[in-house]
Amino acid sequence: MLTLESPLRPPDRPKRSDRPKRALDVVVAAALLVLLAPVLGMVALVVAVALGRPVLFRQCRAGRHGEPFELVKFRTMRSPDPRRGLISDDDRLTPLGRWLRATSLDELPTLWNVLRGDMSLVGPRPLLPIYLARYTPAQARRHEVRPGVTGLAQVRGRNSLGWEEKFDLDVEYVDSRCLRLDLAILAATVRTVLRREGISAAGMATAPEFLGSPASSPRATATGRTPVTVRPGDRR
């Protein structure tokens with residue numbers, strides 16, 4: 001069972017209603033899951049033939065207030081196998097996986113996370129729980145909202161940005177979020193996906209691990225949080 005001690009709780013801030021945002025999430029996610037069912041089935045079949053089972057990649061991610069949830073995406077990598085030299089993400093990522101990532105088709109199952117309420121269509125990208133202890137207090141504010149399938153950082157550079165730049169944009173979104181901004185980000189996401197921009201960091205299959213900012217403090221000790229171990233794989 002996924003557990004995480006001492007989830008992040010933001011200080012008291014002026015409250016704003018997230019009901020319109022949640023309503024948009026439910027309506028759009030449900031509609032897309034129905035409309036794209038043939039595409040989902042076709043991608044699942046191709047992944048099953050090319051990579052075998054399981055078809056879905058599941059990984060613990062940190063959600064709103066740092067609460068853990070299980071993210072689901074289509075599998076794009078072979079299983080780790082040191083005997084075959086399949087150790088790093090670069091070794092394990094297949095040509096099919098690269099294409100799925102380039103087209104963002106691997107992200108389609110996360111619509112289920114949106115429908116469940118684990119995620120939103122728009123918000124900071126959900127990252128690994130082990131990063132929670134590495135954020136500065138300002139960076140940790142990205143967890144004041146539900147994580148998103150896409151976000152401000154994704155339409156302004158995606159994985160071509162450094163971690164600090166991404167987190168600055170995440171916090172900017174937290175402070176500026178509104179339904180109009182969400183719609184603008186969704187429209188910009190379509191352009192980003194079609195142009196296949198910022199899919200991975202320079203010279204990497206995915207993105208480098210976030211090891212903490214220079215100003216980071218040992219928040220794990222302050223909060224009493226026990227680091228969570230996750231299996232290697234996607235860090236996007």
# chains A, B, ... in the order shown; residues from 1 in each chain; ligands from 1
call {"tool": "select_by_dssp", "arguments": {"residues": "region 31-192 of chain A", "states": "strand (DSSP E or B)", "output": "PyMOL selection string"}}
result
chain A and resi 56-62+68-74+77+81+86+93+120-122+148-150
call {"tool": "closest_atom_pairs", "arguments": {"of": "region 63-156 of chain A", "to": "region 181-197 of chain A", "cutoff": "7 Å", "atoms": "only C-alpha atoms", "output": "Markdown table"}}
result
| residue | atom | partner | partner_atom | distance |
| --- | --- | --- | --- | --- |
| A:Ala102 | CA | A:Arg196 | CA | 5.7 |
| A:Thr103 | CA | A:Val193 | CA | 6.2 |
| A:Ser104 | CA | A:Val193 | CA | 6.8 |
| A:Val122 | CA | A:Asp182 | CA | 6.1 |
| A:Gly151 | CA | A:Ile185 | CA | 6.5 |
| A:Leu152 | CA | A:Ile185 | CA | 6.5 |
| A:Val155 | CA | A:Thr189 | CA | 5.8 |
call {"tool": "closest_residue", "arguments": {"among": "A:Gly162, A:Gly212, A:Gly41, A:Gly157", "to": "Pro137 (chain A)", "atoms": "only C-alpha atoms"}}
result
A:Gly212
call {"tool": "select_by_dssp", "arguments": {"residues": "region 46-146 of chain A", "states": "helix (DSSP H, G or I)", "output": "PyMOL selection string"}}
result
chain A and resi 46-51+64-66+82-84+89-92+95-103+105-107+110-116+129-134+139-144
call {"tool": "closest_residue", "arguments": {"among": "A:Cys60, A:Leu93, A:Leu115, A:Val72", "to": "Leu33 (chain A)", "atoms": "only C-alpha atoms"}}
result
A:Leu115
call {"tool": "residues_around", "arguments": {"residues": "Leu24 (chain A)", "least_positions_apart": "6", "cutoff": "10 Å", "atoms": "only C-alpha atoms", "output": "PyMOL selection string"}}
result
chain A and resi 18+30+120-121+179+182-183
call {"tool": "write_last_selection", "arguments": {"atoms": "all heavy atoms", "output": "PDB file, in the first residue's frame"}}
result
ATOM      1  N   ASP A  18     -12.101  25.754  -6.374  1.00  0.00           N
ATOM      2  CA  ASP A  18     -11.577  24.913  -7.437  1.00  0.00           C
ATOM      3  C   ASP A  18     -12.686  24.095  -8.084  1.00  0.00           C
ATOM      4  O   ASP A  18     -12.402  23.194  -8.880  1.00  0.00           O
ATOM      5  CB  ASP A  18     -10.509  23.968  -6.880  1.00  0.00           C
ATOM      6  CG  ASP A  18      -9.181  24.676  -6.643  1.00  0.00           C
ATOM      7  OD1 ASP A  18      -8.887  25.630  -7.377  1.00  0.00           O
ATOM      8  OD2 ASP A  18      -8.451  24.275  -5.720  1.00  0.00           O
ATOM      9  N   ALA A  30     -13.445  12.408 -18.841  1.00  0.00           N
ATOM     10  CA  ALA A  30     -14.428  11.372 -19.174  1.00  0.00           C
ATOM     11  C   ALA A  30     -14.690  11.340 -20.679  1.00  0.00           C
ATOM     12  O   ALA A  30     -14.741  10.256 -21.290  1.00  0.00           O
ATOM     13  CB  ALA A  30     -15.725  11.614 -18.408  1.00  0.00           C
ATOM     14  N   SER A 120      -5.097  16.785 -12.008  1.00  0.00           N
ATOM     15  CA  SER A 120      -5.918  17.715 -12.769  1.00  0.00           C
ATOM     16  C   SER A 120      -5.398  17.715 -14.204  1.00  0.00           C
ATOM     17  O   SER A 120      -4.309  17.214 -14.476  1.00  0.00           O
ATOM     18  CB  SER A 120      -5.820  19.116 -12.173  1.00  0.00           C
ATOM     19  OG  SER A 120      -6.525  20.060 -12.959  1.00  0.00           O
ATOM     20  N   LEU A 121      -6.160  18.246 -15.119  1.00  0.00           N
ATOM     21  CA  LEU A 121      -5.649  18.394 -16.478  1.00  0.00           C
ATOM     22  C   LEU A 121      -4.452  19.333 -16.498  1.00  0.00           C
ATOM     23  O   LEU A 121      -3.487  19.116 -17.235  1.00  0.00           O
ATOM     24  CB  LEU A 121      -6.748  18.934 -17.401  1.00  0.00           C
ATOM     25  CG  LEU A 121      -7.921  17.994 -17.696  1.00  0.00           C
ATOM     26  CD1 LEU A 121      -9.003  18.749 -18.461  1.00  0.00           C
ATOM     27  CD2 LEU A 121      -7.471  16.766 -18.478  1.00  0.00           C
ATOM     28  N   LEU A 179      -9.443  29.553 -14.412  1.00  0.00           N
ATOM     29  CA  LEU A 179      -9.952  28.735 -15.503  1.00  0.00           C
ATOM     30  C   LEU A 179      -9.440  29.220 -16.854  1.00  0.00           C
ATOM     31  O   LEU A 179      -9.110  28.419 -17.735  1.00  0.00           O
ATOM     32  CB  LEU A 179     -11.488  28.749 -15.476  1.00  0.00           C
ATOM     33  CG  LEU A 179     -12.194  27.639 -16.255  1.00  0.00           C
ATOM     34  CD1 LEU A 179     -11.734  26.264 -15.799  1.00  0.00           C
ATOM     35  CD2 LEU A 179     -13.705  27.770 -16.104  1.00  0.00           C
ATOM     36  N   ASP A 182      -5.942  27.962 -17.371  1.00  0.00           N
ATOM     37  CA  ASP A 182      -5.967  26.532 -17.676  1.00  0.00           C
ATOM     38  C   ASP A 182      -6.299  26.287 -19.151  1.00  0.00           C
ATOM     39  O   ASP A 182      -5.665  25.463 -19.811  1.00  0.00           O
ATOM     40  CB  ASP A 182      -6.998  25.812 -16.798  1.00  0.00           C
ATOM     41  CG  ASP A 182      -6.480  25.531 -15.395  1.00  0.00           C
ATOM     42  OD1 ASP A 182      -5.412  26.067 -15.049  1.00  0.00           O
ATOM     43  OD2 ASP A 182      -7.141  24.796 -14.652  1.00  0.00           O
ATOM     44  N   LEU A 183      -7.288  26.991 -19.662  1.00  0.00           N
ATOM     45  CA  LEU A 183      -7.672  26.825 -21.059  1.00  0.00           C
ATOM     46  C   LEU A 183      -6.536  27.253 -21.991  1.00  0.00           C
ATOM     47  O   LEU A 183      -6.298  26.610 -23.027  1.00  0.00           O
ATOM     48  CB  LEU A 183      -8.943  27.620 -21.358  1.00  0.00           C
ATOM     49  CG  LEU A 183     -10.212  27.129 -20.647  1.00  0.00           C
ATOM     50  CD1 LEU A 183     -11.367  28.093 -20.901  1.00  0.00           C
ATOM     51  CD2 LEU A 183     -10.584  25.717 -21.097  1.00  0.00           C
TER      52      LEU A 183
END
call {"tool": "closest_residue", "arguments": {"among": "A:Val171, A:Leu128, A:Met119, A:Leu96", "to": "Val43 (chain A)", "atoms": "only C-alpha atoms"}}
result
A:Leu96
call {"tool": "closest_residue", "arguments": {"among": "A:Val145, A:Leu56, A:Ala62, A:Gln139", "to": "Leu169 (chain A)", "atoms": "only C-alpha atoms"}}
result
A:Gln139
call {"tool": "closest_residue", "arguments": {"among": "A:Leu40, A:Leu108, A:Cys178, A:Leu51", "to": "Lys73 (chain A)", "atoms": "only C-alpha atoms"}}
result
A:Leu108
call {"tool": "closest_residue", "arguments": {"among": "A:Gln154, A:Pro147, A:Val174, A:Ala133", "to": "Leu211 (chain A)", "atoms": "only C-alpha atoms"}}
result
A:Ala133
call {"tool": "residues_around", "arguments": {"residues": "Ala29 (chain A)", "least_positions_apart": "6", "cutoff": "12 Å", "atoms": "only C-alpha atoms", "output": "short mmCIF file (atom, residue, chain, number, x, y, z; two decimals) with all heavy atoms, in the first residue's frame"}}
result
data_model
loop_
_atom_site.label_atom_id
_atom_site.label_comp_id
_atom_site.auth_asym_id
_atom_site.auth_seq_id
_atom_site.Cartn_x
_atom_site.Cartn_y
_atom_site.Cartn_z
N LYS A 21 -12.75 24.25 -11.93
CA LYS A 21 -11.59 23.51 -12.45
C LYS A 21 -11.84 22.01 -12.36
O LYS A 21 -11.57 21.27 -13.31
CB LYS A 21 -10.35 23.90 -11.64
CG LYS A 21 -9.07 23.18 -12.05
CD LYS A 21 -7.92 23.66 -11.18
CE LYS A 21 -6.63 22.91 -11.46
NZ LYS A 21 -6.10 23.21 -12.81
N ARG A 22 -12.37 21.56 -11.23
CA ARG A 22 -12.63 20.13 -11.06
C ARG A 22 -13.72 19.67 -12.02
O ARG A 22 -13.64 18.56 -12.58
CB ARG A 22 -13.03 19.84 -9.60
CG ARG A 22 -13.31 18.36 -9.31
CD ARG A 22 -12.11 17.51 -9.59
NE ARG A 22 -12.42 16.08 -9.48
CZ ARG A 22 -11.81 15.13 -10.17
NH1 ARG A 22 -10.86 15.44 -11.03
NH2 ARG A 22 -12.15 13.87 -10.01
N ALA A 23 -14.72 20.50 -12.22
CA ALA A 23 -15.79 20.15 -13.16
C ALA A 23 -15.23 20.00 -14.57
O ALA A 23 -15.58 19.06 -15.30
CB ALA A 23 -16.88 21.21 -13.13
N LEU A 35 -13.92 8.96 -26.17
CA LEU A 35 -13.61 9.24 -27.57
C LEU A 35 -12.31 8.56 -28.02
O LEU A 35 -12.19 8.13 -29.18
CB LEU A 35 -13.49 10.75 -27.79
CG LEU A 35 -14.80 11.55 -27.65
CD1 LEU A 35 -14.50 13.05 -27.72
CD2 LEU A 35 -15.79 11.16 -28.74
N LEU A 36 -11.35 8.47 -27.11
CA LEU A 36 -10.05 7.91 -27.47
C LEU A 36 -9.92 6.44 -27.12
O LEU A 36 -8.80 5.89 -27.19
CB LEU A 36 -8.93 8.71 -26.78
CG LEU A 36 -8.83 10.19 -27.16
CD1 LEU A 36 -7.74 10.88 -26.35
CD2 LEU A 36 -8.53 10.33 -28.66
N ALA A 37 -11.01 5.80 -26.75
CA ALA A 37 -10.96 4.38 -26.39
C ALA A 37 -10.32 3.53 -27.49
O ALA A 37 -9.49 2.66 -27.20
CB ALA A 37 -12.36 3.88 -26.05
N LEU A 108 -1.83 9.09 -22.19
CA LEU A 108 -3.29 8.97 -22.24
C LEU A 108 -3.89 8.28 -21.01
O LEU A 108 -4.94 8.71 -20.53
CB LEU A 108 -3.71 8.26 -23.52
CG LEU A 108 -3.51 9.03 -24.83
CD1 LEU A 108 -3.98 8.21 -26.02
CD2 LEU A 108 -4.25 10.37 -24.78
N PRO A 109 -3.28 7.21 -20.46
CA PRO A 109 -3.89 6.58 -19.28
C PRO A 109 -3.97 7.49 -18.05
O PRO A 109 -4.76 7.22 -17.14
CB PRO A 109 -2.97 5.38 -19.02
CG PRO A 109 -2.39 5.06 -20.35
CD PRO A 109 -2.18 6.40 -21.00
N THR A 110 -3.19 8.58 -18.03
CA THR A 110 -3.27 9.47 -16.87
C THR A 110 -4.60 10.20 -16.80
O THR A 110 -4.93 10.80 -15.77
CB THR A 110 -2.12 10.51 -16.88
OG1 THR A 110 -2.19 11.28 -18.08
CG2 THR A 110 -0.77 9.83 -16.81
N LEU A 111 -5.38 10.14 -17.88
CA LEU A 111 -6.74 10.69 -17.81
C LEU A 111 -7.55 9.98 -16.75
O LEU A 111 -8.47 10.56 -16.16
CB LEU A 111 -7.43 10.58 -19.17
CG LEU A 111 -6.85 11.46 -20.29
CD1 LEU A 111 -7.45 11.08 -21.64
CD2 LEU A 111 -7.12 12.94 -19.99
N TRP A 112 -7.23 8.71 -16.50
CA TRP A 112 -7.89 7.97 -15.42
C TRP A 112 -7.53 8.58 -14.07
O TRP A 112 -8.36 8.70 -13.18
CB TRP A 112 -7.50 6.50 -15.47
CG TRP A 112 -8.04 5.68 -14.33
CD1 TRP A 112 -7.32 5.08 -13.34
CD2 TRP A 112 -9.42 5.40 -14.04
NE1 TRP A 112 -8.16 4.44 -12.46
CE2 TRP A 112 -9.45 4.61 -12.87
CE3 TRP A 112 -10.62 5.73 -14.67
CZ2 TRP A 112 -10.64 4.16 -12.30
CZ3 TRP A 112 -11.81 5.27 -14.10
CH2 TRP A 112 -11.81 4.50 -12.94
N ASN A 113 -6.26 8.99 -13.89
CA ASN A 113 -5.86 9.67 -12.66
C ASN A 113 -6.62 10.98 -12.48
O ASN A 113 -6.97 11.36 -11.36
CB ASN A 113 -4.36 9.97 -12.67
CG ASN A 113 -3.51 8.73 -12.48
OD1 ASN A 113 -2.73 8.37 -13.35
ND2 ASN A 113 -3.63 8.07 -11.34
N VAL A 114 -6.87 11.68 -13.60
CA VAL A 114 -7.64 12.93 -13.54
C VAL A 114 -9.07 12.63 -13.11
O VAL A 114 -9.63 13.32 -12.24
CB VAL A 114 -7.62 13.64 -14.91
CG1 VAL A 114 -8.54 14.88 -14.87
CG2 VAL A 114 -6.20 14.06 -15.28
N LEU A 115 -9.67 11.62 -13.71
CA LEU A 115 -11.05 11.28 -13.37
C LEU A 115 -11.18 10.87 -11.92
O LEU A 115 -12.17 11.19 -11.25
CB LEU A 115 -11.53 10.15 -14.30
CG LEU A 115 -13.03 9.94 -14.43
CD1 LEU A 115 -13.72 11.19 -14.96
CD2 LEU A 115 -13.33 8.75 -15.33
N ARG A 116 -10.19 10.17 -11.40
CA ARG A 116 -10.19 9.73 -10.01
C ARG A 116 -10.01 10.88 -9.02
O ARG A 116 -10.35 10.76 -7.85
CB ARG A 116 -9.07 8.71 -9.76
CG ARG A 116 -9.39 7.30 -10.19
CD ARG A 116 -8.15 6.42 -10.07
NE ARG A 116 -7.46 6.64 -8.81
CZ ARG A 116 -7.72 5.95 -7.69
NH1 ARG A 116 -8.65 5.02 -7.69
NH2 ARG A 116 -7.04 6.18 -6.58
N GLY A 117 -9.42 11.97 -9.48
CA GLY A 117 -9.16 13.09 -8.60
C GLY A 117 -7.74 13.14 -8.08
O GLY A 117 -7.39 14.01 -7.27
N MET A 119 -5.21 13.76 -10.01
CA MET A 119 -4.56 14.78 -10.81
C MET A 119 -5.59 15.72 -11.41
O MET A 119 -6.80 15.46 -11.34
CB MET A 119 -3.73 14.15 -11.94
CG MET A 119 -2.57 13.31 -11.48
SD MET A 119 -1.71 12.47 -12.88
CE MET A 119 -1.16 13.88 -13.84
N SER A 120 -5.10 16.78 -12.01
CA SER A 120 -5.92 17.72 -12.77
C SER A 120 -5.40 17.71 -14.20
O SER A 120 -4.31 17.21 -14.48
CB SER A 120 -5.82 19.12 -12.17
OG SER A 120 -6.53 20.06 -12.96
N LEU A 121 -6.16 18.25 -15.12
CA LEU A 121 -5.65 18.39 -16.48
C LEU A 121 -4.45 19.33 -16.50
O LEU A 121 -3.49 19.12 -17.23
CB LEU A 121 -6.75 18.93 -17.40
CG LEU A 121 -7.92 17.99 -17.70
CD1 LEU A 121 -9.00 18.75 -18.46
CD2 LEU A 121 -7.47 16.77 -18.48
N VAL A 122 -4.50 20.38 -15.68
CA VAL A 122 -3.44 21.39 -15.66
C VAL A 122 -2.93 21.56 -14.23
O VAL A 122 -3.71 21.68 -13.29
CB VAL A 122 -3.94 22.75 -16.19
CG1 VAL A 122 -2.81 23.78 -16.16
CG2 VAL A 122 -4.49 22.61 -17.60
N VAL A 149 -1.61 16.87 -15.83
CA VAL A 149 -1.12 16.17 -17.02
C VAL A 149 -0.20 17.11 -17.80
O VAL A 149 0.81 16.69 -18.36
CB VAL A 149 -2.30 15.71 -17.90
CG1 VAL A 149 -1.78 15.03 -19.17
CG2 VAL A 149 -3.21 14.77 -17.13
#
